[in-house]
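Undergrad: Okay, handing you the structure first.
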2 protein chains.
Amino acid sequence: MTKAETREALVRAALELFAERGYESTTAAAIAERAGVTEMTFFRYFPAKSSVLIDDPYDPLIAEAILRQPAQVPPIRAAIAAIAEGWKSVPPPASAAVRDRLRIVSRTPSLRGAIATSNASTEAAISGALVQRGAPVSEARIAAAATMAALAAALLDWAEGDEPDLGAAIDAALRVLAGGAS
Amino acid sequence: MTKAETREALVRAALELFAERGYESTTAAAIAERAGVTEMTFFRYFPAKSSVLIDDPYDPLIAEAILRQPAQVPPIRAAIAAIAEGWKSVPPPASAAVRDRLRIVSRTPSLRGAIATSNASTEAAISGALVQRGAPVSEARIAAAATMAALAAALLDWAEGDEPDLGAAIDAALRVLAGGAS
């Protein structure tokens with residue numbers, strides 16, 4: 001198996017087991033076993049069980065996209081444009097798998113700390129990129145916090161509903177954030 | 001003492017004691033004693049020690065101001081305008097006392113749950129008012145979450161800095177949220 005295949009197998013095994021037994025009752029060892037690898041291999045791919053659900057590969061993409069925005073664009077507009085672009089530049093994820101993941105996350109109280117940490121790191125990536133392109137720190141923090149809060153609200157809402165297209169949900173959130181819709 | 005005076009005396013006593021001994025080491029009984037009332041009186045004014053710091057009287061004002069916005073104004077714009085207005089309609093609070101309170105809150109990990117609950121209830125008030133004036137629930141939630149996140153970021157930033165005017169900090173946050181500044 002290639003690295004990407006092993007990773008994918010671990011994610012699939014984890015989601016299956018979380019659905020069968022619940023998140024709390026599933027161990028990293030059980031996930032590894034179902035995926036046909038050792039527990040040590042599991043921890044080479046994921047630092048913790050929660051990382052299977054919460055791992056966020058988009059932070060550097062979003063930061064780069066923010067730095068590409070024209071200098072005169074105000075902070076929150078730059079963040080909105082960057083997320084819209086960043087979203088287009090990654091291959092469309094399998095929406096059903098993303099929804100499964102988000103549902104487990106939103107219904108598992110013990111994961112709240114891990115989500116908060118993950119959201120804080122995306123927020124810091126956005127805020128850092130905004131400062132790098134010249135925004136005062138306080139403005140960058142406000143814009144990053146508002147953007148992440150809008151996205152998190154949209155994702156949770158989408159996860160609990162049955163609208164198929166995640167991309168459409170993100171676009172809708174960005175439109176509302178930009179002062180439009182309704 | 002009138003009710004307002006008793007309340008004010010309890011808040012002042014609490015802030016003094018938190019500054020002297022720290023939040024964790026201060027009991028409701030000690031606050032009551034310093035204010036010259038019984039512990040039972042304390043609990044008639046505040047359901048818990050954390051309420052002295054976190055009590056939020058502005059939620060109904062914000063919701064009413066949202067309902068007053070013209071129908072064609074999109075959700076996040078309505079929330080922004082309402083907070084700007086709501087802020088003007090309350091007597092300017094003593095900024096130094098607000099800063100003391102926010103600093104204690106932001107530096108006391110055990111208060112995080114109480115802040116989250118308080119923020120969630122303001123967010124629900126904003127979101128509920130937006131739905132009442134016709135926004136789809138998902139749009140209302142996104143707008144409310146973004147607005148509260150922007151305000152919380154601005155308030156924390158202001159509390160840790162030495163800019164005197166809280167109103168100016170809130171105005172700046174609303175400008176960034178509305179897509180301006182920098």
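Naming scheme: A, B, ... for chains in displayed order of the structure tokens; residues 1 onward per chain; ligands 1 onward as shown.
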Counting only C-alpha atoms, collect the residues of chain A whose closest atom lies at most 6 Å from chain B, and write them out as a list in words.

TA: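 Per the criterion, chain A yields Pro74, Ile76, Arg77, Ala135, Ile142, Ala145, Ala146, Ala149, Ala150, Ala153, Gly179, Gly180 and Ser182 of chain A.
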
Undergrad: So that I can check the surroundings of stretch 32-48 of chain B, please list as a count of residues only every protein, DNA and RNA residue that reaches within 12 Å of it, counting only C-alpha atoms and ignoring chain neighbours fewer than 4 positions away.

TA: 27

Undergrad: Neighbouring residues of A:Trp87 were defined as those with any atom within 9 Å, considering only C-alpha atoms; residues of the same chain fewer than 6 positions away were excluded. Please report them as a list of chain:residue names.

TA: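 In the requested form, the answer reads A:Tyr58, A:Leu61, A:Ile62, A:Gly167, A:Ile170.
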
Undergrad: Just asking: which residues within stretch 34-177 of chain A are alpha helix (DSSP H) according to DSSP, as a PyMOL selection string?

TA: chain A and resi 34-35+39-45+49-54+59-67+75-89+95-107+112-132+137-160+166-177

Undergrad: Give the answer as one residue: which of B:Val131, B:Pro60, B:Lys49, B:Glu160 has the shortest atom-to-atom distance to B:Ser106, using only C-alpha atoms?

TA: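 Of B:Val131, B:Pro60, B:Lys49, B:Glu160, the one nearest B:Ser106 is B:Glu160, counting only C-alpha atoms.
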
Undergrad: For atom CA of A:Ala63 and atom CA of A:Gly128, quote the distance in Å rounded to one decimal.

TA: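 Computed distance, atom CA of A:Ala63 to atom CA of A:Gly128, equals 7.8 Å.
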